[in-house]
>>> print(open('my_file-v4.txt').read())   # compact mmCIF, N, CA and C atoms
# COMPACT_ATOMS: atom_id res chain seq x y z
N MET X 21 -109.08 9.23 76.34
CA MET X 21 -108.42 8.49 77.38
C MET X 21 -109.39 7.52 78.02
N GLY X 22 -110.43 7.94 78.63
CA GLY X 22 -111.44 7.06 79.17
C GLY X 22 -111.28 6.77 80.65
N GLN X 23 -112.34 6.23 81.18
CA GLN X 23 -112.44 5.88 82.60
C GLN X 23 -112.40 4.37 82.72
N ASP X 24 -111.54 3.84 83.58
CA ASP X 24 -111.51 2.41 83.85
C ASP X 24 -112.70 2.05 84.72
N ILE X 25 -113.45 1.03 84.31
CA ILE X 25 -114.60 0.58 85.09
C ILE X 25 -114.57 -0.94 85.18
N THR X 26 -115.26 -1.45 86.16
CA THR X 26 -115.42 -2.89 86.32
C THR X 26 -116.91 -3.20 86.26
N LEU X 27 -117.27 -4.09 85.37
CA LEU X 27 -118.66 -4.52 85.27
C LEU X 27 -118.74 -6.00 85.57
N LYS X 28 -119.77 -6.38 86.30
CA LYS X 28 -120.00 -7.78 86.61
C LYS X 28 -121.21 -8.24 85.80
N ILE X 29 -120.96 -9.21 84.91
CA ILE X 29 -122.01 -9.75 84.06
C ILE X 29 -121.98 -11.26 84.19
N ALA X 30 -123.12 -11.83 84.53
CA ALA X 30 -123.25 -13.28 84.68
C ALA X 30 -122.22 -13.83 85.67
N GLY X 31 -121.95 -13.07 86.71
CA GLY X 31 -121.04 -13.51 87.75
C GLY X 31 -119.57 -13.32 87.45
N GLN X 32 -119.25 -12.79 86.29
CA GLN X 32 -117.85 -12.56 85.94
C GLN X 32 -117.58 -11.07 85.88
N GLU X 33 -116.40 -10.69 86.38
CA GLU X 33 -116.01 -9.28 86.34
C GLU X 33 -115.19 -8.99 85.09
N PHE X 34 -115.47 -7.84 84.50
CA PHE X 34 -114.78 -7.40 83.30
C PHE X 34 -114.21 -6.01 83.53
N GLN X 35 -112.93 -5.84 83.24
CA GLN X 35 -112.27 -4.54 83.32
C GLN X 35 -112.40 -3.88 81.95
N LEU X 36 -113.07 -2.76 81.92
CA LEU X 36 -113.35 -2.08 80.65
C LEU X 36 -112.99 -0.60 80.76
N LYS X 37 -112.98 0.07 79.62
CA LYS X 37 -112.79 1.51 79.57
C LYS X 37 -114.05 2.15 78.99
N ALA X 38 -114.48 3.21 79.62
CA ALA X 38 -115.61 3.98 79.11
C ALA X 38 -115.06 5.32 78.62
N ALA X 39 -115.33 5.65 77.37
CA ALA X 39 -114.77 6.85 76.77
C ALA X 39 -115.30 8.13 77.43
N THR X 40 -116.53 8.10 77.87
CA THR X 40 -117.16 9.28 78.46
C THR X 40 -118.00 8.85 79.66
N PRO X 41 -118.37 9.80 80.51
CA PRO X 41 -119.28 9.46 81.61
C PRO X 41 -120.62 8.91 81.10
N GLU X 42 -121.09 9.43 79.98
CA GLU X 42 -122.34 8.94 79.40
C GLU X 42 -122.19 7.48 78.97
N MET X 43 -121.03 7.14 78.38
CA MET X 43 -120.79 5.77 77.95
C MET X 43 -120.71 4.85 79.17
N GLU X 44 -120.09 5.32 80.24
CA GLU X 44 -120.02 4.52 81.46
C GLU X 44 -121.42 4.23 81.98
N SER X 45 -122.26 5.24 81.99
CA SER X 45 -123.63 5.07 82.45
C SER X 45 -124.37 4.05 81.59
N LEU X 46 -124.21 4.15 80.28
CA LEU X 46 -124.87 3.21 79.37
C LEU X 46 -124.35 1.79 79.56
N MET X 47 -123.05 1.65 79.75
CA MET X 47 -122.46 0.33 79.96
C MET X 47 -122.97 -0.29 81.26
N ARG X 48 -123.07 0.52 82.31
CA ARG X 48 -123.58 0.00 83.58
C ARG X 48 -125.05 -0.38 83.47
N PHE X 49 -125.82 0.44 82.77
CA PHE X 49 -127.24 0.15 82.56
C PHE X 49 -127.39 -1.14 81.76
N ALA X 50 -126.59 -1.30 80.72
CA ALA X 50 -126.65 -2.51 79.88
C ALA X 50 -126.29 -3.75 80.69
N ALA X 51 -125.24 -3.65 81.50
CA ALA X 51 -124.84 -4.78 82.33
C ALA X 51 -125.96 -5.15 83.31
N ASP X 52 -126.58 -4.17 83.92
CA ASP X 52 -127.70 -4.43 84.83
C ASP X 52 -128.87 -5.09 84.09
N ASP X 53 -129.16 -4.59 82.89
CA ASP X 53 -130.24 -5.15 82.08
C ASP X 53 -129.95 -6.61 81.74
N ILE X 54 -128.73 -6.91 81.34
CA ILE X 54 -128.34 -8.28 81.02
C ILE X 54 -128.49 -9.16 82.26
N ASN X 55 -127.98 -8.70 83.38
CA ASN X 55 -128.07 -9.49 84.62
C ASN X 55 -129.51 -9.71 85.06
N ASN X 56 -130.36 -8.71 84.89
CA ASN X 56 -131.77 -8.86 85.24
C ASN X 56 -132.46 -9.88 84.34
N MET X 57 -132.18 -9.79 83.04
CA MET X 57 -132.77 -10.75 82.11
C MET X 57 -132.28 -12.16 82.42
N LEU X 58 -131.00 -12.27 82.70
CA LEU X 58 -130.42 -13.57 83.04
C LEU X 58 -131.07 -14.15 84.30
N ALA X 59 -131.33 -13.32 85.27
CA ALA X 59 -132.00 -13.77 86.50
C ALA X 59 -133.40 -14.30 86.19
N ARG X 60 -134.12 -13.62 85.29
CA ARG X 60 -135.46 -14.09 84.91
C ARG X 60 -135.37 -15.45 84.21
N TYR X 61 -134.37 -15.59 83.32
CA TYR X 61 -134.20 -16.88 82.64
C TYR X 61 -133.75 -17.96 83.62
N ASP X 62 -132.97 -17.59 84.64
CA ASP X 62 -132.58 -18.55 85.67
C ASP X 62 -133.81 -19.11 86.39
N GLU X 63 -134.78 -18.24 86.66
CA GLU X 63 -136.01 -18.67 87.33
C GLU X 63 -136.86 -19.53 86.40
N LYS X 64 -136.94 -19.11 85.15
CA LYS X 64 -137.81 -19.79 84.19
C LYS X 64 -137.23 -21.12 83.71
N TYR X 65 -135.92 -21.16 83.55
CA TYR X 65 -135.25 -22.35 83.02
C TYR X 65 -134.09 -22.76 83.93
N PRO X 66 -134.38 -23.25 85.13
CA PRO X 66 -133.31 -23.56 86.07
C PRO X 66 -132.40 -24.70 85.61
N ASP X 67 -132.89 -25.56 84.73
CA ASP X 67 -132.09 -26.70 84.29
C ASP X 67 -131.20 -26.39 83.08
N LYS X 68 -131.36 -25.22 82.48
CA LYS X 68 -130.55 -24.86 81.31
C LYS X 68 -129.18 -24.38 81.76
N GLN X 69 -128.20 -24.59 80.88
CA GLN X 69 -126.85 -24.13 81.16
C GLN X 69 -126.75 -22.61 80.98
N LEU X 70 -125.75 -22.03 81.61
CA LEU X 70 -125.54 -20.58 81.53
C LEU X 70 -125.41 -20.12 80.09
N THR X 71 -124.68 -20.86 79.28
CA THR X 71 -124.50 -20.43 77.88
C THR X 71 -125.83 -20.37 77.14
N GLU X 72 -126.72 -21.32 77.41
CA GLU X 72 -128.03 -21.30 76.75
C GLU X 72 -128.83 -20.07 77.20
N LYS X 73 -128.79 -19.78 78.49
CA LYS X 73 -129.52 -18.62 79.01
C LYS X 73 -128.94 -17.33 78.45
N LEU X 74 -127.62 -17.27 78.32
CA LEU X 74 -127.00 -16.08 77.72
C LEU X 74 -127.39 -15.94 76.25
N LEU X 75 -127.57 -17.07 75.56
CA LEU X 75 -128.06 -17.00 74.18
C LEU X 75 -129.48 -16.46 74.13
N PHE X 76 -130.31 -16.85 75.11
CA PHE X 76 -131.67 -16.31 75.19
C PHE X 76 -131.63 -14.79 75.39
N VAL X 77 -130.75 -14.35 76.28
CA VAL X 77 -130.60 -12.91 76.53
C VAL X 77 -130.16 -12.21 75.24
N THR X 78 -129.20 -12.78 74.56
CA THR X 78 -128.69 -12.19 73.32
C THR X 78 -129.79 -12.11 72.27
N LEU X 79 -130.53 -13.18 72.11
CA LEU X 79 -131.62 -13.19 71.13
C LEU X 79 -132.68 -12.15 71.47
N THR X 80 -133.06 -12.08 72.74
CA THR X 80 -134.06 -11.11 73.18
C THR X 80 -133.58 -9.68 72.91
N GLN X 81 -132.32 -9.40 73.23
CA GLN X 81 -131.76 -8.07 73.01
C GLN X 81 -131.71 -7.74 71.52
N ALA X 82 -131.32 -8.70 70.69
CA ALA X 82 -131.22 -8.47 69.25
C ALA X 82 -132.60 -8.20 68.65
N VAL X 83 -133.60 -8.96 69.07
CA VAL X 83 -134.97 -8.75 68.57
C VAL X 83 -135.47 -7.37 68.99
N SER X 84 -135.19 -6.99 70.22
CA SER X 84 -135.61 -5.66 70.70
C SER X 84 -134.94 -4.55 69.90
N ARG X 85 -133.65 -4.71 69.62
CA ARG X 85 -132.93 -3.70 68.85
C ARG X 85 -133.48 -3.61 67.43
N LEU X 86 -133.74 -4.75 66.80
CA LEU X 86 -134.27 -4.74 65.44
C LEU X 86 -135.68 -4.16 65.40
N THR X 87 -136.48 -4.45 66.41
CA THR X 87 -137.82 -3.87 66.49
C THR X 87 -137.75 -2.36 66.63
N ALA X 88 -136.87 -1.89 67.51
CA ALA X 88 -136.70 -0.44 67.70
C ALA X 88 -136.19 0.21 66.42
N GLN X 89 -135.27 -0.45 65.72
CA GLN X 89 -134.74 0.10 64.47
C GLN X 89 -135.84 0.20 63.42
N GLY X 90 -136.71 -0.80 63.36
CA GLY X 90 -137.83 -0.76 62.43
C GLY X 90 -138.77 0.40 62.74
N LYS X 91 -139.06 0.61 64.02
CA LYS X 91 -139.92 1.72 64.41
C LYS X 91 -139.26 3.06 64.10
N LEU X 92 -137.96 3.16 64.35
CA LEU X 92 -137.23 4.39 64.03
C LEU X 92 -137.26 4.67 62.53
N ASN X 93 -137.08 3.63 61.72
CA ASN X 93 -137.13 3.80 60.27
C ASN X 93 -138.49 4.28 59.82
N ALA X 94 -139.56 3.71 60.40
CA ALA X 94 -140.91 4.14 60.06
C ALA X 94 -141.14 5.60 60.45
N LEU X 95 -140.66 5.99 61.62
CA LEU X 95 -140.81 7.38 62.05
C LEU X 95 -140.01 8.33 61.16
N THR X 96 -138.83 7.91 60.76
CA THR X 96 -138.00 8.72 59.86
C THR X 96 -138.69 8.90 58.51
N ASP X 97 -139.26 7.81 57.99
CA ASP X 97 -140.00 7.90 56.73
C ASP X 97 -141.18 8.85 56.85
N SER X 98 -141.90 8.75 57.96
CA SER X 98 -143.06 9.63 58.20
C SER X 98 -142.61 11.08 58.30
N GLN X 99 -141.51 11.32 59.00
CA GLN X 99 -140.98 12.69 59.13
C GLN X 99 -140.58 13.23 57.76
N ASN X 100 -139.91 12.42 56.97
CA ASN X 100 -139.50 12.86 55.63
C ASN X 100 -140.71 13.20 54.77
N LYS X 101 -141.77 12.40 54.86
CA LYS X 101 -142.99 12.66 54.10
C LYS X 101 -143.63 13.98 54.56
N LEU X 102 -143.72 14.19 55.87
CA LEU X 102 -144.29 15.42 56.39
C LEU X 102 -143.46 16.64 55.99
N ASN X 103 -142.13 16.49 56.02
CA ASN X 103 -141.26 17.60 55.60
C ASN X 103 -141.47 17.92 54.13
N ALA X 104 -141.62 16.90 53.30
CA ALA X 104 -141.86 17.12 51.88
C ALA X 104 -143.20 17.82 51.65
N GLU X 105 -144.22 17.38 52.37
CA GLU X 105 -145.54 18.01 52.26
C GLU X 105 -145.49 19.46 52.71
N LEU X 106 -144.80 19.73 53.81
CA LEU X 106 -144.67 21.09 54.31
C LEU X 106 -143.92 21.96 53.32
N SER X 107 -142.84 21.46 52.78
CA SER X 107 -142.06 22.21 51.79
C SER X 107 -142.90 22.51 50.56
N ALA X 108 -143.65 21.53 50.09
CA ALA X 108 -144.51 21.74 48.92
C ALA X 108 -145.57 22.80 49.23
N TYR X 109 -146.16 22.74 50.41
CA TYR X 109 -147.15 23.73 50.80
C TYR X 109 -146.54 25.12 50.87
N LEU X 110 -145.38 25.24 51.52
CA LEU X 110 -144.73 26.55 51.65
C LEU X 110 -144.28 27.09 50.30
N ASN X 111 -143.85 26.22 49.40
CA ASN X 111 -143.43 26.66 48.08
C ASN X 111 -144.62 27.17 47.27
N ASN X 112 -145.82 26.70 47.56
CA ASN X 112 -147.02 27.12 46.84
C ASN X 112 -147.94 27.97 47.70
N ILE X 113 -147.40 28.60 48.71
CA ILE X 113 -148.25 29.32 49.67
C ILE X 113 -149.01 30.48 49.01
N ASP X 114 -148.39 31.12 48.04
CA ASP X 114 -149.08 32.21 47.36
C ASP X 114 -150.28 31.72 46.58
N THR X 115 -150.21 30.53 46.01
CA THR X 115 -151.35 30.01 45.25
C THR X 115 -152.39 29.36 46.15
N ASN X 116 -152.05 29.13 47.41
CA ASN X 116 -152.98 28.49 48.35
C ASN X 116 -153.86 29.51 49.06
N ARG X 117 -153.66 30.77 48.81
CA ARG X 117 -154.45 31.80 49.52
C ARG X 117 -155.81 31.98 48.93
>>> encode(input="my_file-v4.txt", output="structure tokens")
Amino acid sequence: MGQDITLKIAGQEFQLKAATPEMESLMRFAADDINNMLARYDEKYPDKQLTEKLLFVTLTQAVSRLTAQGKLNALTDSQNKLNAELSAYLNNIDTNR
């Protein structure tokens, strides 16, 4: 069913539904993050149009997400390697004594 919420992003209000309280919290955090980034771009580029600044926010968010995904993939690969090494060790534990 979900919870009806209102988020204000870049001065515009949006009526949305959050499926869970956790999703509502994430949506509010994301909206605050977008607004904070937009405020920084407003200070840095006062002569740019709102759409350009929103594109900067989008690009920054996308790069951050891709960077985090790359780090997660590297950690997953490392975990898989360690699990394989541990399994190999445990499978040969009698010969390792």
>>> residues_near_point(input="my_file-v4.txt", point="(-113.7, 4.3, 81.1)", cutoff="8 Å", atoms="only N, CA and C atoms", output="list in words")
Met21, Gly22, Gln23, Asp24, Ile25, Thr26, Leu36, Lys37, Ala38, Ala39, Thr40, Pro41, Met43 and Glu44 of chain X
>>> atom_distance(input="my_file-v4.txt", atom1="atom N of Lys68 of chain X", atom2="atom N of Val83 of chain X")
21.2 Å
>>> axis_aligned_box(input="my_file-v4.txt", around="segment 22-36 of chain X", padding_each_side="4 Å", output="lines of an AutoDock Vina configuration file")
center_x = -116.8
center_y = -2.9
center_z = 83.2
size_x = 20.8
size_y = 29.8
size_z = 17.1
>>> atom_distance(input="my_file-v4.txt", atom1="atom CA of Val77 of chain X", atom2="atom CA of Met47 of chain X")
15.9 Å
>>> closest_residue(input="my_file-v4.txt", among="X:Ser84, X:Ile29, X:Gln35, X:Asp67", to="Asn55 of chain X", atoms="all atoms listed in the file")
X:Ile29
>>> select_by_dssp(input="my_file-v4.txt", residues="segment 26-112 of chain X", states="helix (DSSP H, G or I)", output="ChimeraX atom specification")
/X:41-64,70-111
>>> select_by_dssp(input="my_file-v4.txt", residues="chain X", states="strand (DSSP E)", output="VMD selection string")
chain X and resid 23 to 29 32 to 38
>>> atom_distance(input="my_file-v4.txt", atom1="atom C of Leu110 of chain X", atom2="atom CA of Leu95 of chain X")
23.2 Å
>>> decode(input="my_file-v4.txt", residues="segment 55-111 of chain X", atoms="C-alpha atoms", output="PDB file, in the first residue's frame")
ATOM      1  CA  ASN X  55      18.977  19.878  -2.545  1.00  0.00           C
ATOM      2  CA  ASN X  56      22.293  20.270  -0.709  1.00  0.00           C
ATOM      3  CA  MET X  57      24.288  19.521  -3.850  1.00  0.00           C
ATOM      4  CA  LEU X  58      22.110  21.908  -5.824  1.00  0.00           C
ATOM      5  CA  ALA X  59      22.739  24.644  -3.238  1.00  0.00           C
ATOM      6  CA  ARG X  60      26.511  24.127  -3.605  1.00  0.00           C
ATOM      7  CA  TYR X  61      26.214  24.374  -7.393  1.00  0.00           C
ATOM      8  CA  ASP X  62      24.055  27.504  -6.977  1.00  0.00           C
ATOM      9  CA  GLU X  63      26.925  29.113  -5.051  1.00  0.00           C
ATOM     10  CA  LYS X  64      29.603  27.904  -7.439  1.00  0.00           C
ATOM     11  CA  TYR X  65      27.743  28.617 -10.689  1.00  0.00           C
ATOM     12  CA  PRO X  66      25.228  31.400 -10.014  1.00  0.00           C
ATOM     13  CA  ASP X  67      24.879  32.240 -13.718  1.00  0.00           C
ATOM     14  CA  LYS X  68      23.977  28.695 -14.816  1.00  0.00           C
ATOM     15  CA  GLN X  69      20.382  27.672 -15.387  1.00  0.00           C
ATOM     16  CA  LEU X  70      18.630  25.287 -13.011  1.00  0.00           C
ATOM     17  CA  THR X  71      18.571  22.517 -15.611  1.00  0.00           C
ATOM     18  CA  GLU X  72      22.342  22.717 -16.029  1.00  0.00           C
ATOM     19  CA  LYS X  73      22.881  22.560 -12.267  1.00  0.00           C
ATOM     20  CA  LEU X  74      20.512  19.595 -12.019  1.00  0.00           C
ATOM     21  CA  LEU X  75      22.555  17.890 -14.733  1.00  0.00           C
ATOM     22  CA  PHE X  76      25.678  18.487 -12.622  1.00  0.00           C
ATOM     23  CA  VAL X  77      23.911  16.906  -9.639  1.00  0.00           C
ATOM     24  CA  THR X  78      22.846  13.950 -11.775  1.00  0.00           C
ATOM     25  CA  LEU X  79      26.334  13.436 -13.156  1.00  0.00           C
ATOM     26  CA  THR X  80      27.900  13.660  -9.693  1.00  0.00           C
ATOM     27  CA  GLN X  81      25.396  11.149  -8.289  1.00  0.00           C
ATOM     28  CA  ALA X  82      25.912   8.748 -11.220  1.00  0.00           C
ATOM     29  CA  VAL X  83      29.708   8.872 -10.867  1.00  0.00           C
ATOM     30  CA  SER X  84      29.411   8.249  -7.126  1.00  0.00           C
ATOM     31  CA  ARG X  85      27.105   5.283  -7.699  1.00  0.00           C
ATOM     32  CA  LEU X  86      29.404   3.776 -10.336  1.00  0.00           C
ATOM     33  CA  THR X  87      32.436   4.278  -8.091  1.00  0.00           C
ATOM     34  CA  ALA X  88      30.655   2.573  -5.190  1.00  0.00           C
ATOM     35  CA  GLN X  89      29.559  -0.276  -7.474  1.00  0.00           C
ATOM     36  CA  GLY X  90      33.156  -0.766  -8.614  1.00  0.00           C
ATOM     37  CA  LYS X  91      34.355  -0.905  -5.007  1.00  0.00           C
ATOM     38  CA  LEU X  92      31.576  -3.350  -4.116  1.00  0.00           C
ATOM     39  CA  ASN X  93      32.524  -5.571  -7.056  1.00  0.00           C
ATOM     40  CA  ALA X  94      36.172  -5.555  -5.957  1.00  0.00           C
ATOM     41  CA  LEU X  95      35.180  -6.461  -2.390  1.00  0.00           C
ATOM     42  CA  THR X  96      32.907  -9.241  -3.656  1.00  0.00           C
ATOM     43  CA  ASP X  97      35.738 -10.637  -5.789  1.00  0.00           C
ATOM     44  CA  SER X  98      38.085 -10.500  -2.793  1.00  0.00           C
ATOM     45  CA  GLN X  99      35.507 -12.231  -0.584  1.00  0.00           C
ATOM     46  CA  ASN X 100      34.986 -14.965  -3.182  1.00  0.00           C
ATOM     47  CA  LYS X 101      38.753 -15.521  -3.412  1.00  0.00           C
ATOM     48  CA  LEU X 102      39.086 -15.731   0.381  1.00  0.00           C
ATOM     49  CA  ASN X 103      36.136 -18.145   0.568  1.00  0.00           C
ATOM     50  CA  ALA X 104      37.738 -20.350  -2.078  1.00  0.00           C
ATOM     51  CA  GLU X 105      41.069 -20.314  -0.230  1.00  0.00           C
ATOM     52  CA  LEU X 106      39.348 -21.147   3.057  1.00  0.00           C
ATOM     53  CA  SER X 107      37.377 -23.986   1.472  1.00  0.00           C
ATOM     54  CA  ALA X 108      40.531 -25.393  -0.112  1.00  0.00           C
ATOM     55  CA  TYR X 109      42.344 -25.197   3.223  1.00  0.00           C
ATOM     56  CA  LEU X 110      39.482 -26.854   5.115  1.00  0.00           C
ATOM     57  CA  ASN X 111      39.160 -29.576   2.474  1.00  0.00           C
TER      58      ASN X 111
END
